[in-house]
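> Please find one structure pasted underneath; my questions will follow.
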Amino acid sequence: MAIRCDFPLPAAVRALGIAVFLSGCVQVPSPATAPTASTPQPPGPVQHVIVVTVDGLMPESYVAPDAHGLRIPTLRHLVAEGASSDGARSVFPSVTYPAHTSIASGVTPGRHGVVSNRAFDPLEKNQEGWRWYAEDVKVPRIWDLTSSAGYSSAVINWPVTVGAQATYVVPEIWRAGTAEDKKLVRALSTPGLLDAVAKAYPGFDQRFTEEGLSDESKTDIATYLIEKSSPNVLFLHLTQVDSAQHKQGLWSAEARAAIEDSDRQLGRLLAAAQHSGTASNTAFVVASDHGFASVERSVRPGALLRQAGLVQLDAKGKVSSWSASVLPNAGSLYVYLKDPHDAALQAATLKVFEDKAREPNSGIARILDHAQITALGGDPEAFLALDAAANTSFGSGSVYGEEYDGPNTVKATHGYDPTRPEMRASLLLFGATIPKGKLNEARLIDIAPTVADWLHLPLAAADGKSLRAQAQASPSGPLAVSH
């Protein structure tokens, strides 16, 4: 029988030296244990890696939890007994899908190809489709390498994994926001997996609603797989913190509750590793994909293109043709040209945004040219990028709406230049072989090289560097990292 706990584990589970607290726990059926003796395993002391992203978790949550009244025993334990960053650098744009693809590949968005959450759709025919499909990624991700090595892998609600070649897949995808979306996720997941989890965890189906998998239900899947087959790598994406911060604001009661619930889910994962017998050779990575900033205003630079005649709408207000187009990423925005080599179009488009940026209170903090975009690891196909001013975001409502100022539908967001301090991401490493300390100047693109280093996987041509290798080489301390 497996142990399932439905409360925050005090001092959380001391797995990897973590005792599982049984009071208040219930027993659920435990599947057969794997792998078998014949299953290939990585040769080093780390044979299993669990990567968990708590979407939008700000490092202040664990750097100064008392300042925000947070009850987070698991995160406190990870900080005390592992390695932690006071703020890791995200990617450009600092939004979920580019960042998660970089976390799993060690490559910047401009190279891996997932340069935004939404697919570029200048004629607005794609019904707001996101970059869900694994075939859009131009480089290998960690689970591709584990498959080649004969190891097992799991990806749970991880972005851009529809069609991923992993042992176990539950992709993140939605369409209509109805019960039909549940069928879509089931159809695209590893056959039989969700049914098996539902049998092991009563209430799983109720937590899997038309709005998607709750963080608890995602963790149900992860703990089931850890206890059933102990995959060599497991990638899990938790989303409730991001949602609460968007809707209710930073450090709101709802946001704090979501952070505390994420802490509870992390405790469950540590307990699952302990129960499976793999705790001593498991390394945990807990990260976020970006930081957050409060916003009070939303503007639509696409409206400027329409006003300048560079976008034409039909009688129904639909885009009929375009010479220049935009792709908003909340705190930033890409500008594309239909003919990138048209010098007159380049000049006209640049003038549109330069003129607006000169106006007081334009909402545009900075215009990035092609060289600046590529230097940040952004989309090499973009002509320009805009970085929004403080308290401002791009793109709510119709991209090409009648008015430049649009409805502001969120209280906080992200997507800005990752060098802005408020966009710093969280990053913690924990395991029996990981020394305690601080991760200085760490980046999200360093995570995949670190995982590859632990598991002796050939991750070629990554933009990031292994934190483990840098820590060993650093003269200033066991975990001091510099770039």
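Residue names in the structure tokens use chain letters A, B, ... in the order shown, residue numbers from 1 in each chain, and ligand numbers from 1 in the order shown.
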Name all residues at most 12 Å from Ala222 (chain A) (count only C-alpha atoms; drop same-chain ones fewer than 3 positions away) and give them as a ChimeraX atom specification.

/A:50-52,153-158,168-170,193-194,197,201,215-219,225-231,233-238,265-266,268-273

> Mind dumping the selected residues with N, CA and C atoms as a short mmCIF file (atom, residue, chain, number, x, y, z; two decimals), in the first residue's frame?


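Heads up, here's the output in out_39.cif:
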```
data_model
loop_
_atom_site.label_atom_id
_atom_site.label_comp_id
_atom_site.auth_asym_id
_atom_site.auth_seq_id
_atom_site.Cartn_x
_atom_site.Cartn_y
_atom_site.Cartn_z
N ILE A 50 13.56 14.58 -10.73
CA ILE A 50 12.19 15.09 -10.74
C ILE A 50 12.26 16.60 -10.88
N VAL A 51 11.76 17.11 -11.99
CA VAL A 51 11.75 18.55 -12.25
C VAL A 51 10.32 19.05 -12.11
N VAL A 52 10.10 19.97 -11.18
CA VAL A 52 8.77 20.52 -10.94
C VAL A 52 8.82 22.02 -11.14
N SER A 153 10.89 8.01 -18.97
CA SER A 153 10.62 9.43 -18.76
C SER A 153 9.12 9.66 -18.63
N ALA A 154 8.75 10.76 -17.97
CA ALA A 154 7.35 11.15 -17.82
C ALA A 154 7.24 12.66 -17.94
N VAL A 155 6.24 13.13 -18.66
CA VAL A 155 5.96 14.57 -18.75
C VAL A 155 4.48 14.75 -18.42
N ILE A 156 4.21 15.57 -17.41
CA ILE A 156 2.86 15.74 -16.90
C ILE A 156 2.47 17.21 -16.95
N ASN A 157 1.50 17.52 -17.81
CA ASN A 157 1.03 18.89 -17.99
C ASN A 157 2.15 19.83 -18.39
N TRP A 158 3.20 19.30 -18.98
CA TRP A 158 4.33 20.13 -19.40
C TRP A 158 3.99 20.78 -20.74
N TYR A 168 5.78 8.19 -20.58
CA TYR A 168 4.45 8.54 -20.08
C TYR A 168 4.20 10.01 -20.41
N VAL A 169 3.06 10.29 -21.02
CA VAL A 169 2.74 11.66 -21.42
C VAL A 169 1.32 12.01 -21.02
N VAL A 170 1.16 13.12 -20.31
CA VAL A 170 -0.13 13.77 -20.12
C VAL A 170 0.09 15.22 -20.53
N LEU A 193 -3.34 5.46 -18.62
CA LEU A 193 -2.69 6.06 -17.46
C LEU A 193 -3.67 6.81 -16.57
N LEU A 194 -4.50 7.66 -17.14
CA LEU A 194 -5.42 8.44 -16.31
C LEU A 194 -6.45 7.56 -15.63
N VAL A 197 -4.69 6.05 -12.60
CA VAL A 197 -4.54 7.03 -11.52
C VAL A 197 -5.88 7.25 -10.82
N TYR A 201 -6.46 6.98 -6.80
CA TYR A 201 -6.70 8.20 -6.04
C TYR A 201 -8.18 8.59 -6.14
N ASP A 215 -3.76 21.18 -9.62
CA ASP A 215 -2.40 20.83 -9.23
C ASP A 215 -2.38 19.54 -8.42
N GLU A 216 -3.41 19.31 -7.61
CA GLU A 216 -3.45 18.07 -6.84
C GLU A 216 -3.58 16.87 -7.76
N SER A 217 -4.41 16.97 -8.81
CA SER A 217 -4.57 15.84 -9.71
C SER A 217 -3.32 15.61 -10.55
N LYS A 218 -2.62 16.66 -10.93
CA LYS A 218 -1.34 16.49 -11.63
C LYS A 218 -0.35 15.76 -10.73
N THR A 219 -0.35 16.12 -9.45
CA THR A 219 0.56 15.46 -8.52
C THR A 219 0.13 14.03 -8.25
N LEU A 225 3.20 7.55 -10.80
CA LEU A 225 4.28 7.08 -11.66
C LEU A 225 5.58 6.86 -10.87
N ILE A 226 5.87 7.74 -9.92
CA ILE A 226 7.07 7.55 -9.10
C ILE A 226 7.00 6.22 -8.37
N GLU A 227 5.84 5.91 -7.80
CA GLU A 227 5.69 4.69 -7.04
C GLU A 227 5.53 3.46 -7.93
N LYS A 228 5.00 3.65 -9.14
CA LYS A 228 4.77 2.52 -10.03
C LYS A 228 6.02 2.11 -10.78
N SER A 229 6.71 3.09 -11.36
CA SER A 229 7.80 2.73 -12.26
C SER A 229 9.06 3.55 -12.09
N SER A 230 9.07 4.52 -11.18
CA SER A 230 10.26 5.33 -10.91
C SER A 230 10.95 5.78 -12.19
N PRO A 231 10.30 6.58 -13.02
CA PRO A 231 10.95 7.03 -14.25
C PRO A 231 12.26 7.76 -13.95
N VAL A 233 13.48 10.33 -15.48
CA VAL A 233 13.20 11.77 -15.41
C VAL A 233 11.69 11.96 -15.41
N LEU A 234 11.25 12.91 -14.61
CA LEU A 234 9.83 13.26 -14.55
C LEU A 234 9.73 14.78 -14.53
N PHE A 235 8.95 15.32 -15.46
CA PHE A 235 8.73 16.76 -15.56
C PHE A 235 7.27 17.04 -15.26
N LEU A 236 7.03 17.91 -14.27
CA LEU A 236 5.67 18.22 -13.80
C LEU A 236 5.50 19.73 -13.75
N HIS A 237 4.37 20.20 -14.30
CA HIS A 237 4.07 21.63 -14.37
C HIS A 237 2.84 21.93 -13.53
N LEU A 238 3.01 22.71 -12.45
CA LEU A 238 1.91 23.14 -11.58
C LEU A 238 1.57 24.59 -11.93
N GLN A 265 2.02 19.90 -2.47
CA GLN A 265 2.24 18.96 -3.58
C GLN A 265 3.71 18.57 -3.67
N LEU A 266 4.61 19.50 -3.42
CA LEU A 266 6.03 19.17 -3.40
C LEU A 266 6.34 18.16 -2.30
N ARG A 268 4.35 15.89 -1.19
CA ARG A 268 3.86 14.59 -1.65
C ARG A 268 4.88 13.92 -2.57
N LEU A 269 5.52 14.70 -3.42
CA LEU A 269 6.51 14.13 -4.33
C LEU A 269 7.73 13.61 -3.57
N LEU A 270 8.17 14.34 -2.57
CA LEU A 270 9.29 13.86 -1.76
C LEU A 270 8.91 12.57 -1.05
N ALA A 271 7.69 12.51 -0.55
CA ALA A 271 7.22 11.30 0.12
C ALA A 271 7.14 10.12 -0.85
N ALA A 272 6.72 10.39 -2.07
CA ALA A 272 6.63 9.32 -3.08
C ALA A 272 8.00 8.75 -3.41
N ALA A 273 9.00 9.62 -3.52
CA ALA A 273 10.36 9.14 -3.77
C ALA A 273 10.85 8.27 -2.63
#
```

> For Phe353 (chain A), list every protein, DNA or RNA residue within 9 Å, evaluated using only C-alpha atoms, and leave out those in the same chain fewer than 5 positions away; present the list as a PyMOL selection string.

chain A and resi 301+304-305+358+364+367+386

> Would you put the residues from that selection into a file with N, CA and C atoms, as a PDB file, in the first residue's frame?


```
ATOM      1  N   PRO A 301      -0.594  47.910 -29.040  1.00  0.00           N
ATOM      2  CA  PRO A 301       0.204  48.476 -30.139  1.00  0.00           C
ATOM      3  C   PRO A 301      -0.275  48.040 -31.513  1.00  0.00           C
ATOM      4  N   LEU A 304      -2.067  50.613 -33.531  1.00  0.00           N
ATOM      5  CA  LEU A 304      -1.270  51.599 -34.253  1.00  0.00           C
ATOM      6  C   LEU A 304      -1.004  51.137 -35.683  1.00  0.00           C
ATOM      7  N   LEU A 305      -0.795  49.836 -35.860  1.00  0.00           N
ATOM      8  CA  LEU A 305      -0.575  49.308 -37.212  1.00  0.00           C
ATOM      9  C   LEU A 305      -1.842  49.441 -38.053  1.00  0.00           C
ATOM     10  N   ARG A 358       7.551  58.133 -28.007  1.00  0.00           N
ATOM     11  CA  ARG A 358       7.946  59.487 -27.585  1.00  0.00           C
ATOM     12  C   ARG A 358       6.847  60.191 -26.798  1.00  0.00           C
ATOM     13  N   ILE A 364       5.062  52.201 -23.540  1.00  0.00           N
ATOM     14  CA  ILE A 364       6.195  51.505 -24.164  1.00  0.00           C
ATOM     15  C   ILE A 364       7.470  51.960 -23.466  1.00  0.00           C
ATOM     16  N   ILE A 367      12.038  50.004 -27.233  1.00  0.00           N
ATOM     17  CA  ILE A 367      11.914  49.324 -28.518  1.00  0.00           C
ATOM     18  C   ILE A 367      13.214  48.576 -28.771  1.00  0.00           C
ATOM     19  N   LEU A 386       8.785  45.126 -28.393  1.00  0.00           N
ATOM     20  CA  LEU A 386       8.488  46.205 -27.456  1.00  0.00           C
ATOM     21  C   LEU A 386       8.493  45.641 -26.050  1.00  0.00           C
TER      22      LEU A 386
END
```

> Which residue out of A:Thr223, A:Thr450, A:Ser323, A:Thr413 has the minimum interatomic distance to Ala293 (chain A) when only C-alpha atoms are used?

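Smallest separation from Ala293 (chain A) among the options: A:Thr413.
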
> At most 7 Å is the cut-off: for each residue in region 41-85 of chain A with any atom that close to an atom of region 249-261 of chain A, write down the nearest atom pair and the distance in Å rounded to one decimal, counting only C-alpha atoms, chain first then increasing number, as a Markdown table.


```
| residue | atom | partner | partner_atom | distance |
| --- | --- | --- | --- | --- |
| A:His68 | CA | A:Trp251 | CA | 6.9 |
| A:Leu70 | CA | A:Arg256 | CA | 6.6 |
| A:Arg71 | CA | A:Glu260 | CA | 6.1 |
| A:Ile72 | CA | A:Glu260 | CA | 5.6 |
```

> Emit the selected residues as a PDB file, in the first residue's frame, including N, CA and C atoms.


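Here's the written file part_22.pdb:
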```pdb
ATOM      1  N   HIS A  68       5.509  37.375   4.104  1.00  0.00           N
ATOM      2  CA  HIS A  68       4.217  37.221   3.437  1.00  0.00           C
ATOM      3  C   HIS A  68       3.315  36.222   4.155  1.00  0.00           C
ATOM      4  N   LEU A  70       3.668  33.047   4.851  1.00  0.00           N
ATOM      5  CA  LEU A  70       3.507  31.786   4.131  1.00  0.00           C
ATOM      6  C   LEU A  70       3.861  30.586   5.003  1.00  0.00           C
ATOM      7  N   ARG A  71       3.009  29.583   4.933  1.00  0.00           N
ATOM      8  CA  ARG A  71       3.275  28.302   5.603  1.00  0.00           C
ATOM      9  C   ARG A  71       3.756  27.333   4.529  1.00  0.00           C
ATOM     10  N   ILE A  72       5.064  27.218   4.404  1.00  0.00           N
ATOM     11  CA  ILE A  72       5.643  26.424   3.318  1.00  0.00           C
ATOM     12  C   ILE A  72       6.758  25.527   3.877  1.00  0.00           C
TER      13      ILE A  72
END
```

> In Å, how far is it from CA of Glu210 (chain A) to CA of Ala176 (chain A)?

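Between CA of Glu210 (chain A) and CA of Ala176 (chain A) the gap is 8.8 Å.
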
> Just the residues within 10 Å of Arg76 (chain A), please, counting only C-alpha atoms, with nothing from its chain fewer than 5 positions along; format it as a ChimeraX atom specification.

/A:11-12,61-65,71,81-82,263

> Could you pull the residues within 8 Å of Thr178 (chain A), counting only C-alpha atoms, minus those fewer than 3 positions along the same chain, as a list in words?

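So, after excluding close chain neighbours, the residues are Asp181, Lys182, Glu210 and Glu211 of chain A.
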
> Run DSSP on the backbone of this structure and report the residues of region 269-388 of chain A it assigns to alpha helix (DSSP H), as a PyMOL selection string.

chain A and resi 269-276+302-307+343-358+370-375

> Would you kindly return, as a PyMOL selection string, each protein, DNA or RNA residue with an atom no farther than 12 Å from any atom of Leu376 (chain A), considering only C-alpha atoms and excluding same-chain residues fewer than 6 positions away?

chain A and resi 89-94+107-111+115+368-370+385+416-419+463

> Let me make sure I understand: among A:Arg420, A:Arg131, A:Lys247, A:Arg468, which one has the smallest atom-to-atom distance to Pro159 (chain A) if we use only C-alpha atoms?

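Residue with the minimum atom-to-atom distance to Pro159 (chain A): A:Arg131.
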
> List as JSON, numbers by chain the protein and nucleic acid residues near Leu427 (chain A), meaning an atom at most 10 Å away when only C-alpha atoms are counted, but skip any in the same chain fewer than 3 places from it.

{"A": [52, 53, 54, 57, 58, 59, 79, 83, 84, 85, 86, 87, 88, 89, 285, 286, 287, 288, 289, 424, 439, 442, 443, 444, 447]}
